[in-house]
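Okay, my_file.cif is below, mmCIF, C-alpha atoms and all ligand atoms:
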```cif
data_my_file
#
loop_
_atom_site.label_atom_id
_atom_site.label_comp_id
_atom_site.auth_asym_id
_atom_site.auth_seq_id
_atom_site.Cartn_x
_atom_site.Cartn_y
_atom_site.Cartn_z
CA MET S 1 100.49 185.50 -39.05
CA GLU S 2 100.61 189.04 -40.40
CA LYS S 3 103.69 191.10 -39.79
CA ASN S 4 102.33 193.18 -36.98
CA ASN S 5 99.95 190.64 -35.55
CA THR S 6 101.45 189.31 -32.38
CA SER S 7 100.13 186.13 -30.80
CA VAL S 8 101.62 183.49 -28.53
CA LEU S 9 100.84 179.81 -28.10
CA LEU S 10 101.18 178.67 -24.49
CA ILE S 11 101.70 174.92 -24.25
CA TYR S 12 101.21 173.31 -20.88
CA THR S 13 102.96 169.95 -20.62
CA GLY S 14 102.67 169.53 -16.83
CA GLY S 15 104.86 170.06 -13.79
CA THR S 16 104.57 172.08 -10.63
CA ILE S 17 103.71 175.34 -12.35
CA GLY S 18 100.23 174.13 -13.30
CA MET S 19 99.26 172.84 -9.88
CA ILE S 20 96.99 174.03 -7.11
CA GLU S 21 96.67 172.97 -3.51
CA ASN S 22 93.62 170.88 -2.73
CA ALA S 23 91.95 172.94 0.02
CA GLU S 24 90.83 169.83 1.93
CA THR S 25 93.82 167.50 1.67
CA GLY S 26 96.63 170.01 1.07
CA ALA S 27 97.89 167.75 -1.77
CA LEU S 28 99.09 169.29 -5.03
CA GLU S 29 96.87 168.54 -8.00
CA ASN S 30 96.95 169.54 -11.65
CA PHE S 31 94.41 172.16 -12.46
CA ASP S 32 92.45 172.42 -15.64
CA PHE S 33 94.21 174.89 -17.86
CA GLU S 34 90.88 176.36 -18.88
CA GLN S 35 90.96 177.96 -15.44
CA LEU S 36 94.26 179.68 -16.13
CA GLN S 37 92.67 183.12 -16.41
CA LYS S 38 91.19 182.65 -12.94
CA TYR S 39 94.58 182.06 -11.35
CA VAL S 40 96.49 184.50 -13.51
CA PRO S 41 94.13 187.36 -14.30
CA GLU S 42 97.22 189.38 -15.34
CA LEU S 43 97.11 187.46 -18.63
CA GLN S 44 94.23 189.67 -19.71
CA ARG S 45 96.51 192.68 -19.68
CA PHE S 46 98.53 191.48 -22.64
CA THR S 47 97.35 193.32 -25.71
CA PHE S 48 97.68 190.32 -28.01
CA PRO S 49 95.97 186.92 -28.10
CA ILE S 50 97.41 184.04 -26.09
CA ASP S 51 96.07 180.62 -27.04
CA THR S 52 96.64 177.56 -24.93
CA TYR S 53 97.30 173.90 -25.62
CA GLN S 54 97.23 171.44 -22.77
CA PHE S 55 98.81 167.99 -22.60
CA ASP S 56 96.09 165.59 -21.48
CA PRO S 57 96.91 164.22 -18.99
CA PRO S 58 99.64 166.65 -17.88
CA MET S 59 103.03 164.99 -17.38
CA ASP S 60 105.37 165.24 -14.46
CA SER S 61 108.60 165.99 -16.28
CA SER S 62 110.19 162.85 -14.83
CA ASP S 63 108.02 161.03 -17.37
CA MET S 64 109.26 163.14 -20.30
CA ASP S 65 110.59 161.11 -23.19
CA PRO S 66 111.38 161.37 -26.91
CA GLU S 67 107.71 160.71 -27.71
CA ALA S 68 106.71 163.84 -25.79
CA TRP S 69 109.49 165.81 -27.53
CA GLN S 70 108.13 164.65 -30.89
CA LYS S 71 104.66 165.78 -29.83
CA LEU S 72 106.03 169.23 -28.97
CA VAL S 73 107.78 169.47 -32.33
CA HIS S 74 104.51 168.53 -34.06
CA ILE S 75 102.56 171.19 -32.14
CA ILE S 76 105.13 173.89 -32.96
CA ASN S 77 105.43 172.84 -36.60
CA ASP S 78 101.65 172.66 -37.13
CA ASN S 79 101.17 176.12 -35.61
CA TYR S 80 104.37 177.74 -36.77
CA GLU S 81 102.86 180.29 -39.16
CA ARG S 82 100.06 181.29 -36.79
CA TYR S 83 102.09 182.50 -33.83
CA THR S 84 104.87 184.97 -33.12
CA GLY S 85 106.32 182.76 -30.44
CA PHE S 86 105.80 179.72 -28.23
CA VAL S 87 105.97 179.28 -24.46
CA ILE S 88 106.21 175.77 -23.04
CA LEU S 89 105.28 175.27 -19.40
CA HIS S 90 107.26 172.26 -18.23
CA GLY S 91 108.33 170.58 -15.00
CA THR S 92 111.74 171.76 -13.92
CA ASP S 93 113.31 168.33 -13.35
CA THR S 94 113.99 167.46 -16.98
CA MET S 95 113.44 170.85 -18.58
CA ALA S 96 117.08 171.11 -19.63
CA PHE S 97 116.85 167.79 -21.53
CA THR S 98 113.69 168.90 -23.35
CA ALA S 99 115.17 172.30 -24.21
CA SER S 100 118.33 170.63 -25.57
CA ALA S 101 116.37 168.09 -27.61
CA LEU S 102 114.10 170.74 -29.11
CA SER S 103 117.06 172.92 -30.05
CA PHE S 104 118.28 170.11 -32.34
CA MET S 105 114.86 168.96 -33.55
CA LEU S 106 113.72 172.44 -34.67
CA GLU S 107 116.21 173.19 -37.44
CA ASN S 108 116.17 176.74 -38.91
CA LEU S 109 114.07 178.02 -36.01
CA SER S 110 113.27 181.70 -36.54
CA LYS S 111 110.81 182.22 -33.67
CA PRO S 112 111.18 182.09 -29.89
CA VAL S 113 110.44 178.84 -28.07
CA ILE S 114 110.68 179.63 -24.36
CA LEU S 115 110.49 176.90 -21.73
CA THR S 116 109.64 177.83 -18.20
CA GLY S 117 108.18 176.35 -15.02
CA SER S 118 108.29 177.04 -11.33
CA GLN S 119 109.37 175.74 -7.97
CA LEU S 120 106.04 176.64 -6.33
CA PRO S 121 102.68 175.98 -8.01
CA ILE S 122 100.89 178.84 -9.66
CA GLY S 123 97.99 178.29 -7.28
CA VAL S 124 99.96 179.10 -4.10
CA LEU S 125 100.49 182.57 -2.74
CA ARG S 126 104.30 182.86 -3.00
CA THR S 127 104.51 181.25 -6.42
CA ASP S 128 107.42 182.03 -8.71
CA GLY S 129 105.33 180.65 -11.57
CA LYS S 130 103.48 183.85 -12.41
CA GLU S 131 106.55 185.97 -13.02
CA ASN S 132 108.24 183.17 -14.95
CA MET S 133 105.21 182.65 -17.16
CA LEU S 134 104.34 186.31 -17.75
CA THR S 135 107.92 187.28 -18.59
CA SER S 136 108.29 184.28 -20.90
CA ILE S 137 105.18 185.37 -22.79
CA GLU S 138 106.55 188.88 -23.07
CA ILE S 139 109.88 187.59 -24.40
CA ALA S 140 108.15 185.23 -26.85
CA ALA S 141 106.27 188.23 -28.27
CA SER S 142 109.18 190.70 -28.40
CA ARG S 143 110.60 191.95 -31.64
CA ASP S 144 113.64 193.99 -32.51
CA ALA S 145 113.69 197.35 -34.30
CA GLU S 146 113.32 195.60 -37.67
CA GLY S 147 110.29 193.64 -36.51
CA ARG S 148 112.16 190.32 -36.25
CA PRO S 149 111.59 188.08 -33.21
CA MET S 150 114.00 189.19 -30.51
CA VAL S 151 115.15 185.70 -29.51
CA PRO S 152 114.63 183.11 -32.25
CA GLU S 153 116.05 180.29 -30.16
CA VAL S 154 114.95 177.50 -27.81
CA CYS S 155 115.51 179.06 -24.38
CA ILE S 156 114.83 178.49 -20.73
CA TYR S 157 113.55 181.47 -18.80
CA PHE S 158 113.78 181.15 -15.04
CA GLU S 159 114.03 183.67 -12.21
CA SER S 160 115.28 186.72 -14.11
CA HIS S 161 117.53 184.90 -16.58
CA LEU S 162 116.90 183.99 -20.18
CA MET S 163 119.33 181.21 -21.11
CA ARG S 164 120.08 179.25 -24.25
CA GLY S 165 118.21 175.99 -23.67
CA ASN S 166 120.98 173.60 -24.66
CA ARG S 167 123.45 175.35 -22.32
CA THR S 168 121.27 175.14 -19.23
CA THR S 169 121.20 172.78 -16.24
CA LYS S 170 118.96 172.52 -13.20
CA ILE S 171 121.19 173.18 -10.21
CA ASN S 172 118.88 173.67 -7.24
CA ALA S 173 115.96 171.66 -5.89
CA GLU S 174 114.99 174.35 -3.39
CA ASN S 175 115.75 177.89 -4.55
CA PHE S 176 113.69 179.86 -7.03
CA ASN S 177 116.94 180.52 -8.86
CA ALA S 178 117.11 176.92 -10.03
CA PHE S 179 118.85 176.99 -13.44
CA ARG S 180 122.27 178.02 -14.68
CA SER S 181 124.04 178.35 -17.98
CA TYR S 182 127.65 178.21 -16.81
CA ASN S 183 129.40 178.10 -20.13
CA TYR S 184 127.35 180.62 -22.10
CA HIS S 185 126.28 184.01 -20.85
CA SER S 186 122.54 184.65 -20.35
CA LEU S 187 120.74 185.88 -23.46
CA ALA S 188 118.86 188.41 -21.35
CA GLU S 189 118.68 189.61 -17.77
CA VAL S 190 115.34 190.67 -16.43
CA GLY S 191 114.83 193.38 -13.84
CA ILE S 192 112.88 196.56 -14.29
CA HIS S 193 113.85 196.24 -17.95
CA ILE S 194 114.48 193.18 -20.07
CA LYS S 195 118.09 193.65 -21.16
CA TYR S 196 118.88 191.50 -24.16
CA ASN S 197 122.50 190.61 -24.88
CA GLU S 198 121.95 190.94 -28.58
CA GLY S 199 125.44 189.90 -29.62
CA LEU S 200 124.90 186.49 -28.03
CA ILE S 201 121.55 185.71 -29.61
CA HIS S 202 121.62 183.57 -32.72
CA HIS S 203 119.85 184.85 -35.86
CA GLU S 204 119.93 182.85 -39.09
CA ALA S 205 121.79 184.93 -41.71
CA THR S 206 119.35 183.84 -44.40
CA PRO S 207 116.07 182.58 -43.00
CA HIS S 208 115.01 179.14 -44.20
CA PRO S 209 111.69 177.37 -43.57
CA LEU S 210 111.49 175.47 -40.29
CA LYS S 211 112.73 171.92 -40.72
CA PRO S 212 111.27 169.72 -37.99
CA HIS S 213 113.02 166.47 -37.08
CA PHE S 214 111.27 163.62 -35.35
CA ALA S 215 113.62 160.62 -35.41
CA LEU S 216 115.61 160.00 -32.24
CA ASP S 217 117.64 156.92 -31.36
CA THR S 218 117.68 156.14 -27.65
CA ASN S 219 120.40 153.49 -27.73
CA VAL S 220 122.60 155.77 -25.65
CA CYS S 221 123.61 156.09 -22.03
CA ILE S 222 125.41 158.30 -19.52
CA LEU S 223 128.24 156.70 -17.55
CA LYS S 224 129.36 158.78 -14.59
CA LEU S 225 132.76 157.87 -13.19
CA PHE S 226 133.56 157.73 -9.48
CA PRO S 227 136.61 156.50 -7.59
CA GLY S 228 136.04 152.77 -6.98
CA ILE S 229 133.85 152.10 -10.03
CA GLN S 230 133.82 148.35 -10.66
CA GLU S 231 134.98 146.57 -13.78
CA SER S 232 131.83 144.40 -13.77
CA VAL S 233 129.63 147.51 -13.83
CA VAL S 234 131.49 149.18 -16.69
CA ARG S 235 131.56 145.88 -18.61
CA ALA S 236 127.81 145.37 -18.14
CA VAL S 237 127.01 148.90 -19.32
CA LEU S 238 129.24 148.75 -22.38
CA ASN S 239 127.83 145.39 -23.39
CA ALA S 240 124.20 146.48 -23.11
CA GLU S 241 122.28 145.20 -26.11
CA GLY S 242 122.01 147.72 -28.93
CA LEU S 243 124.14 150.37 -27.24
CA LYS S 244 125.53 152.86 -29.77
CA ALA S 245 126.87 155.81 -27.80
CA VAL S 246 127.97 156.77 -24.30
CA VAL S 247 128.32 160.16 -22.67
CA LEU S 248 131.25 159.59 -20.34
CA GLU S 249 131.10 161.97 -17.37
CA THR S 250 134.71 162.35 -16.33
CA TYR S 251 136.65 164.36 -13.76
CA GLY S 252 137.89 167.93 -14.18
CA SER S 253 139.11 168.73 -17.67
CA GLY S 254 138.20 165.26 -18.95
CA ASN S 255 140.22 162.83 -16.85
CA ALA S 256 139.56 159.18 -16.06
CA PRO S 257 141.35 156.32 -14.27
CA ARG S 258 144.34 154.87 -16.11
CA LYS S 259 143.53 151.35 -14.96
CA GLU S 260 144.27 148.87 -17.72
CA TRP S 261 140.91 147.05 -17.49
CA PHE S 262 139.07 150.34 -17.85
CA LEU S 263 140.96 151.54 -20.91
CA GLN S 264 140.76 148.08 -22.44
CA LEU S 265 136.96 147.94 -22.06
CA LEU S 266 136.63 151.37 -23.65
CA LYS S 267 138.91 150.38 -26.53
CA GLU S 268 137.02 147.14 -27.21
CA ALA S 269 133.71 149.00 -27.22
CA SER S 270 135.08 151.76 -29.41
CA ASP S 271 136.42 149.17 -31.88
CA ARG S 272 132.88 147.73 -32.01
CA GLY S 273 131.67 151.17 -33.17
CA ILE S 274 130.41 152.55 -29.85
CA ILE S 275 130.81 156.33 -29.70
CA PHE S 276 132.20 157.89 -26.50
CA ILE S 277 131.76 161.59 -25.77
CA ASN S 278 133.72 162.98 -22.86
CA VAL S 279 131.98 165.65 -20.77
CA THR S 280 133.15 166.96 -17.44
CA GLN S 281 131.35 166.37 -14.14
CA CYS S 282 132.20 169.97 -13.24
CA PRO S 283 129.27 172.31 -13.73
CA ALA S 284 131.48 174.85 -15.57
CA GLY S 285 134.43 174.64 -17.92
CA SER S 286 135.50 172.49 -20.79
CA VAL S 287 137.06 169.10 -21.53
CA GLU S 288 140.67 169.27 -22.72
CA MET S 289 141.86 165.70 -23.00
CA GLU S 290 145.35 166.57 -24.11
CA ARG S 291 146.01 168.41 -20.88
CA TYR S 292 146.79 165.47 -18.57
CA GLU S 293 147.93 161.96 -19.27
CA THR S 294 144.69 160.68 -17.70
CA GLY S 295 142.73 162.44 -20.43
CA TYR S 296 145.22 161.69 -23.17
CA ARG S 297 144.84 157.96 -22.63
CA LEU S 298 141.10 158.31 -23.25
CA MET S 299 141.80 159.92 -26.61
CA GLN S 300 144.06 157.01 -27.50
CA VAL S 301 141.27 154.47 -26.91
CA GLY S 302 138.81 156.35 -29.14
CA VAL S 303 137.01 158.78 -26.81
CA SER S 304 136.03 162.14 -28.34
CA GLY S 305 136.02 165.40 -26.42
CA GLY S 306 132.64 166.98 -25.72
CA TYR S 307 134.06 170.51 -25.30
CA ASP S 308 131.99 172.52 -22.78
CA SER S 309 128.77 170.62 -23.44
CA THR S 310 126.25 169.98 -20.73
CA THR S 311 125.40 166.32 -20.23
CA GLU S 312 121.79 167.07 -21.22
CA SER S 313 122.91 168.54 -24.51
CA ALA S 314 125.44 165.78 -25.30
CA ILE S 315 122.98 162.93 -24.73
CA THR S 316 120.13 164.52 -26.72
CA LYS S 317 122.47 165.49 -29.55
CA LEU S 318 123.62 161.87 -29.77
CA MET S 319 119.99 160.67 -29.91
CA PHE S 320 119.32 163.24 -32.64
CA LEU S 321 122.36 162.36 -34.78
CA LEU S 322 121.92 158.60 -34.36
CA GLY S 323 118.25 159.10 -35.28
CA HIS S 324 119.46 160.11 -38.75
CA GLY S 325 121.09 156.69 -39.14
CA TYR S 326 124.57 158.22 -39.53
CA SER S 327 127.68 156.05 -39.25
CA PRO S 328 129.75 156.30 -36.01
CA GLU S 329 132.37 158.32 -37.97
CA LYS S 330 129.80 160.84 -39.12
CA VAL S 331 128.28 161.13 -35.63
CA ARG S 332 131.76 161.73 -34.14
CA LYS S 333 132.40 164.38 -36.76
CA LEU S 334 129.14 166.19 -36.09
CA MET S 335 129.69 166.00 -32.32
CA ASN S 336 132.74 168.14 -33.07
CA ARG S 337 130.56 170.87 -34.56
CA SER S 338 128.13 173.25 -33.01
CA ILE S 339 124.78 172.68 -34.66
CA ALA S 340 122.56 174.78 -32.36
CA GLY S 341 125.06 176.83 -30.37
CA GLU S 342 125.49 174.02 -27.84
CA ILE S 343 129.31 174.03 -27.61
CA SER S 344 132.06 176.68 -27.76
CA LEU S 345 134.68 175.77 -30.33
N1 LIG S 401 108.55 166.98 -10.47
C1 LIG S 401 108.19 168.22 -11.08
C2 LIG S 401 108.44 168.09 -12.56
O1 LIG S 401 109.55 168.20 -13.00
C3 LIG S 401 108.94 169.33 -10.50
C4 LIG S 401 108.70 170.67 -11.13
O2 LIG S 401 107.80 170.88 -11.89
O3 LIG S 401 109.45 171.58 -10.85
O4 LIG S 401 107.53 167.86 -13.29
#
```
For this file, produce the structure as C-alpha cells.
Amino acid sequence: MEKNNTSVLLIYTGGTIGMIENAETGALENFDFEQLQKYVPELQRFTFPIDTYQFDPPMDSSDMDPEAWQKLVHIINDNYERYTGFVILHGTDTMAFTASALSFMLENLSKPVILTGSQLPIGVLRTDGKENMLTSIEIAASRDAEGRPMVPEVCIYFESHLMRGNRTTKINAENFNAFRSYNYHSLAEVGIHIKYNEGLIHHEATPHPLKPHFALDTNVCILKLFPGIQESVVRAVLNAEGLKAVVLETYGSGNAPRKEWFLQLLKEASDRGIIFINVTQCPAGSVEMERYETGYRLMQVGVSGGYDSTTESAITKLMFLLGHGYSPEKVRKLMNRSIAGEISL
C-alpha cells in the first residue's frame, strides 16, 4: 500500500447485516456478497477501492469460535500491507467476544479493524446496517493530519458510537443502540461530523510489525454467581476435566458468599493451579475486593481482581495467555496488566 493509496478490505463473516427477506416466504436468508453493490449502491460513492472477502458459508455469530478468530487473524495478516483498514461485518450476538479476542491476537496493530453489524438486515427498508457499514468504512479509511490511520485499534462501531472492542458489551436485543462501553469513553461520536476523542485512541509510540497470534486455550469457563447457587454445581464446574481458568462473575464491587463450602472449593481449585479472575456482574464499574469482607475472603483463597474488565475481555484474554503455555503465576501476573487497553489500572 502506498502512502496515499487508501483501500479497505470488507470481510463478511455472517449475521443479520448480510441478510435479505425472501419475498415469498418472508424468511431471512443470507445473500451473496457479490450482490452487495445492488443493495448498497452508496458504496460506489467512496473514492477508494473496497474489496470484499466472504466467509463461505456465512456464520451466525452464535457459532463463532476460536477457529473463526484464527481465520480472521490470518485474513488480516495476509492482507495487512495491501489495505489501509479492515471492516468486519459480524453478527451482533458475540461481536464483543470476537472484538476482544482480536485485540489480543493482533499485537502491534497499527491499522483500524472495525467490527460492525446490524439489528435489521441490510435488505430491509429500515435497516440500521447501511449506516453502520458505511460509517465503519469511512472510519477504517480515515487518517490524521500526519497521514497515520486515525484509529489503529480493534473497535466496534454501532449506532453513532465508535468503541474500543475489548471494552464493549451487547446490551440490547431490540434497540438499534445495542452496544455500550461503560468503563471507557467512546473513541468517536458520529453525527453530522465524526468527532474523534484523540486523547483516548491508542497509538504505538514506535511502530513495530504486526505480530499475529493464533494459539488459544479454551480450557476456561465463566461462573456466574446467584443467591442459592448449589455446592454440587460449583464442585462439578471446578472439577471439569482440563479446566485451567475461571472468570468468576460476582456481585457489586467483587463480592461473593462467605459460605465455608464455597470458599473451600475455590481454595482447593486454586491450590491445584486453577486461575480465578473476579469480574463484576454490574455492567459498569470495577472490582475492588478489599472493599468488603465478602470480597476480601475471595482474595484470601487465591482469586485475582479483574479490575473493570468486561466478561468478554477477561475470558478471551485468559484463552490468549493460556494459549502461550504460561504458568498460572505468569497468567495471573499478566491479567494484572493492560495489554490492549482492556482494563483501567
Ligand atoms: N443471531 C445473529 C448473529 O449474531 C444476530 C445478529 O446478527 O445481530 O449472528
**Option closest in space to Lys71 of chain S, from S:Ile122, S:Ile11, S:Met299, S:Ala178 [counting all atoms listed in the file]** =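 Using all atoms listed in the file, Lys71 of chain S sits closest to S:Ile11.
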**Request:** Would you mind telling me which residue in S:Leu36, S:Ala99, S:Lys170, S:Gly165 lies nearest to ligand LIG 401 (chain S) when using all atoms listed in the file?
**Result:**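 Among the listed residues, the smallest separation from ligand LIG 401 (chain S) belongs to S:Lys170.
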**Request:** Select, from S:Val331, S:Leu109, S:Val154, S:Val237, the residue with the minimum atom-to-atom distance to His208 of chain S, counting all atoms listed in the file.
**Result:** S:Leu109
**Request:** Please check which protein, DNA or RNA residues sit within 12 Å of ligand LIG 401 (chain S), counting all atoms listed in the file, and write them as a VMD selection string.
**Result:** chain S and resid 12 to 19 28 to 30 58 to 64 89 to 98 115 to 122 127 to 129 158 170 to 179
**Asked** Hey, can you pull every residue with an atom no more than 12 Å from (106.0, 187.7, -22.8), using all atoms listed in the file, and send it as an NGL selection string?
**Response** :S and (6-10 or 42-43 or 45-50 or 84-88 or 112-116 or 130-143 or 149-151 or 157 or 162 or 190 or 194)
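For the set S:Thr294, S:Ser110, S:Asn278, S:Gln54, the residue with the smallest atom-to-atom gap to Glu81 of chain S is S:Ser110, counting all atoms listed in the file.
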**Fill in**
Residue with the minimum atom-to-atom distance to Leu322 of chain S, picked from S:Ala284, S:Ala269, S:Val246, S:Leu263 with only C-alpha atoms counted, is S:Val246
**Message:** Which residue is closest to Gly302 of chain S? Choose from S:Asp32, S:Glu231, S:Glu329, S:Asp271 and count only C-alpha atoms.
**Reply:**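 Among the listed residues, S:Asp271 lies closest to Gly302 of chain S.
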**Asked** For the point (133.2, 178.2, -16.5) in file coordinates, what residues are within 10 Å, counting only C-alpha atoms? Give the answer as a PyMOL selection string?
**Response** chain S and resi 181-184+282-286+308
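Put simply, atom CA of Glu146 of chain S is 12.7 Å away from atom CA of His203 of chain S.
For the atom pair formed by atom CA of Thr52 of chain S and atom CA of Leu72 of chain S, the distance is 13.2 Å, given to one decimal.
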**Fill in**
The distance between atom CA of Gly341 of chain S and atom CA of Gly191 of chain S is 25.5 Å
**Prompt:** Which neighbours of Gly252 of chain S fall inside 8 Å, counting only C-alpha atoms, when residues of the same chain fewer than 5 positions from it are skipped, and could you give them as a PyMOL selection string?
**Reply:** chain S and resi 280-282+287
